[in-house]
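For reference, the structure is listed below as structure tokens.
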Amino acid sequence: MSVITLKIVVPNLSEALEHFDKIKVYRSINGISGTYAEITDPTTRLSLEPGKTIYEYTDEQGDAAYYYKSSYYQTVSGLESSLSDAQQGQGDGALDIISVSELKDLYLFGLDLTNDEGVAYPTTLYEHFIRSAVSWLEHRLDIPIQPVSVTDEAHDFFREDYGKYIWMRLKRYPVIDVEAVKMVLPGEVVAREFEREWFHLQKESGQLQLVPGSASAQSILLGAAGAWLPYIYGINRFIPDVFRVTYTAGFESGKVPDNIKDIIAKKASFGPLNIAGDLLGGAGIASQSISIDGLSQSFNTTSSATNAGYGARLLQYGREIKEVLPMLERYYKGFRLTVV
């Protein structure tokens with residue numbers, strides 16, 4: 001069992017709110033075509049809220065192999081919609097990038113990863129250092145690596161960008177998907193929620209533009225500032241926080257670039273390597289000798305107050321991380337497109 005987070009998108013929110021007030025969550029433990037049973041109850045069903053299109057439910061007894069569906073529900077009348085399409089939730093994002101078994105097999109191969117009594121280090125130890133390594137690299141590169149939800153990120157209206165199909169640059173990238181874009185006028189009045197078919201997204205750079213579909217283009221003159229705005233606002237050059245974008249940033253599960261996975265694994269290896277080096281030959285012991293009736297045997301390690309038992313591998317991984325980091329920083333921090 002593991003903790004699974006399920007994201008539920010309500011694209012037709014205004015229509016749903018006319019008939020329903022709750023969301024039910026169902027789970028199948030035997031495949032996508034299995035039997036779905038409700039795992040929410042009257043106290044844990046999600047409440048539909050005006051203006052909120054993204055909802056999350058946490059299954060404490062979940063599993064990455066389980067499938068989930070949801071439905072809309074009306075508390076008073078008992079009316080319930082049909083079930084949604086099946087989807088799988090998200091587990092521990094860091095452990096989806098590099099698993100404990102991969103860390104052991106590929107980066108800690110050949111090491112004695114047991115304590116003085118021969119007991120293997122606990123899985124939680126490796127999980128801790130993997131999570132720490134992912135967090136370290138996210139902060140170092142200033143990008144999300146694990147999927148993260150961003151709700152109603154505000155973007156200003158500029159007349160110049162309006163003529164470029166509402167060109168905007170999302171603040172967190174790379175981007176997995178854009179779920180919703182709204183126009184919110186001063187006073188928090190939702191003037192329009194744009195159709196998903198309008199979204200033109202460059203995922204790597206976070207560049208988003210709104211291009212009307214063929215049906216909408218007949219009734220909207222995009223180049224005329226104010227076509228989507230009331231006249232009193234349309235004559236202005238700048239309006240703050242008009243556009244609100246809800247999206248998911250980071251890398252999709254299974255699609256993290258190999259060079260990022262490699263640097264995370266090497267960074268995560270430092271913790272187990274340091275611990276194993278300290279315990280090599282016994283905790284705090286750099287050498288041992290035994291003498292019986294004139295016969296003696298000695299055992300020496302590289303451990304000392306300033307040198308770890310597995311120092312060579314630590315130094316090698318440190319050099320490789322140092323070599324790769326500048327390239328990743330140039331690629332992700334410098335990956336910006338310019339519109340002229």
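Residues are referred to by chain and number: the chain letter is A, B, ... according to the order shown in the structure tokens, the number counts from 1 in that chain, and ligands are numbered separately from 1 in the order shown.
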
**Report entry** Ala268 of chain A surroundings by only C-alpha atoms, 6 Å radius, close-in-sequence under 6 positions cut, as a list in words
**Finding:**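 Counting only the stated atoms, we get Phe129, Ile130 and Ala133 of chain A.
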
Counting only C-alpha atoms, give me one row per residue of segment 21-49 of chain A with an atom at most 8 Å from an atom of segment 59-76 of chain A, showing the shortest contact pair and its distance in Å to one decimal, sorted by chain then residue number, as JSON lines.
```
{"residue": "A:Asp21", "atom": "CA", "partner": "A:Gln74", "partner_atom": "CA", "distance": 5.4}
{"residue": "A:Lys22", "atom": "CA", "partner": "A:Tyr73", "partner_atom": "CA", "distance": 5.0}
{"residue": "A:Ile23", "atom": "CA", "partner": "A:Tyr72", "partner_atom": "CA", "distance": 4.7}
{"residue": "A:Lys24", "atom": "CA", "partner": "A:Ser71", "partner_atom": "CA", "distance": 5.2}
{"residue": "A:Val25", "atom": "CA", "partner": "A:Ser70", "partner_atom": "CA", "distance": 4.5}
{"residue": "A:Tyr26", "atom": "CA", "partner": "A:Lys69", "partner_atom": "CA", "distance": 5.1}
{"residue": "A:Arg27", "atom": "CA", "partner": "A:Tyr68", "partner_atom": "CA", "distance": 4.5}
{"residue": "A:Ser28", "atom": "CA", "partner": "A:Tyr67", "partner_atom": "CA", "distance": 5.2}
{"residue": "A:Ile29", "atom": "CA", "partner": "A:Tyr66", "partner_atom": "CA", "distance": 5.0}
{"residue": "A:Asn30", "atom": "CA", "partner": "A:Tyr66", "partner_atom": "CA", "distance": 7.1}
{"residue": "A:Gly31", "atom": "CA", "partner": "A:Tyr67", "partner_atom": "CA", "distance": 6.5}
{"residue": "A:Ile32", "atom": "CA", "partner": "A:Tyr67", "partner_atom": "CA", "distance": 5.7}
{"residue": "A:Tyr36", "atom": "CA", "partner": "A:Tyr68", "partner_atom": "CA", "distance": 7.6}
```

Query raised in the report: atom CA of Ala276 of chain A and atom CA of Ile98 of chain A are how many Å apart?
Result: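 Answer for the atom CA of Ala276 of chain A to atom CA of Ile98 of chain A separation: 20.3 Å.
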
Query - Spatial neighbours of Trp167 of chain A, max dist 10 Å, only C-alpha atoms, sep filter under 5 positions, as a PyMOL selection string - result: chain A and resi 157-158+160-162+200+207-211+339

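Of the residues under consideration (A:Asp262, A:Ile39, A:Lys322, A:Gly271), A:Gly271 shows the shortest atom-to-atom contact distance to Ser132 of chain A when counting only C-alpha atoms.
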
Report task. Quick one: everything within 10 Å of Arg131 of chain A, counting only C-alpha atoms, minus sequence neighbours fewer than 4 positions away in the same chain. Send it as number ranges by chain. Result -> A: 92-95, 97-98, 126-127, 135-136, 264, 268

Serialized selection, N, CA and C atoms, as an mmCIF file, in the first residue's frame:
```cif
data_model
loop_
_atom_site.group_PDB
_atom_site.id
_atom_site.type_symbol
_atom_site.label_atom_id
_atom_site.label_comp_id
_atom_site.auth_asym_id
_atom_site.auth_seq_id
_atom_site.Cartn_x
_atom_site.Cartn_y
_atom_site.Cartn_z
ATOM 1 N N ASP A 92 4.526 8.534 -5.087
ATOM 2 C CA ASP A 92 5.631 9.382 -4.668
ATOM 3 C C ASP A 92 6.411 9.794 -5.908
ATOM 4 N N GLY A 93 6.306 11.069 -6.282
ATOM 5 C CA GLY A 93 6.930 11.536 -7.514
ATOM 6 C C GLY A 93 8.423 11.306 -7.566
ATOM 7 N N ALA A 94 9.100 11.458 -6.425
ATOM 8 C CA ALA A 94 10.552 11.271 -6.411
ATOM 9 C C ALA A 94 10.926 9.827 -6.703
ATOM 10 N N LEU A 95 10.168 8.881 -6.143
ATOM 11 C CA LEU A 95 10.479 7.469 -6.341
ATOM 12 C C LEU A 95 10.034 6.973 -7.706
ATOM 13 N N ILE A 97 10.919 8.709 -10.281
ATOM 14 C CA ILE A 97 12.069 9.126 -11.086
ATOM 15 C C ILE A 97 13.178 8.082 -11.007
ATOM 16 N N ILE A 98 13.525 7.688 -9.807
ATOM 17 C CA ILE A 98 14.546 6.653 -9.601
ATOM 18 C C ILE A 98 14.083 5.792 -8.424
ATOM 19 N N TYR A 126 17.051 4.713 1.833
ATOM 20 C CA TYR A 126 17.290 5.053 0.429
ATOM 21 C C TYR A 126 16.225 6.026 -0.086
ATOM 22 N N GLU A 127 14.981 5.804 0.328
ATOM 23 C CA GLU A 127 13.892 6.690 -0.108
ATOM 24 C C GLU A 127 14.150 8.123 0.354
ATOM 25 N N SER A 135 14.801 17.078 -4.501
ATOM 26 C CA SER A 135 14.572 18.435 -4.004
ATOM 27 C C SER A 135 15.792 19.319 -4.241
ATOM 28 N N TRP A 136 16.984 18.771 -3.992
ATOM 29 C CA TRP A 136 18.223 19.533 -4.210
ATOM 30 C C TRP A 136 18.348 19.981 -5.664
ATOM 31 N N ILE A 264 20.478 12.798 -10.231
ATOM 32 C CA ILE A 264 19.712 12.565 -9.004
ATOM 33 C C ILE A 264 20.207 11.303 -8.308
ATOM 34 N N ALA A 268 21.870 11.038 -4.695
ATOM 35 C CA ALA A 268 21.213 10.209 -3.676
ATOM 36 C C ALA A 268 22.156 9.152 -3.128
#
```

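Of the residues listed (A:Ser253, A:Thr35, A:Asn12, A:Ser2), A:Ser253 shows the shortest atom-to-atom separation from Asp96 of chain A; distances use only C-alpha atoms.
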
Query raised in the report: Expressed in Å to a single decimal, how great is the separation between atom CA of Val245 of chain A and atom CA of Tyr332 of chain A?
Result: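 Computing it gives 21.4 Å between the two atoms.
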
Report summary line: One residue among A:Val150, A:Leu108, A:Ile4, A:Ile275 is nearest to Gln87 of chain A when using only C-alpha atoms, and that residue is A:Ile4

Report task. Identify which of the residues A:Ser205, A:Ser149, A:Arg330, A:Asp156 lies closest to Arg237 of chain A, counting only C-alpha atoms when measuring atom-to-atom distances. Result ->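 Going through A:Ser205, A:Ser149, A:Arg330, A:Asp156 one by one, the smallest distance to Arg237 of chain A is for A:Asp156.
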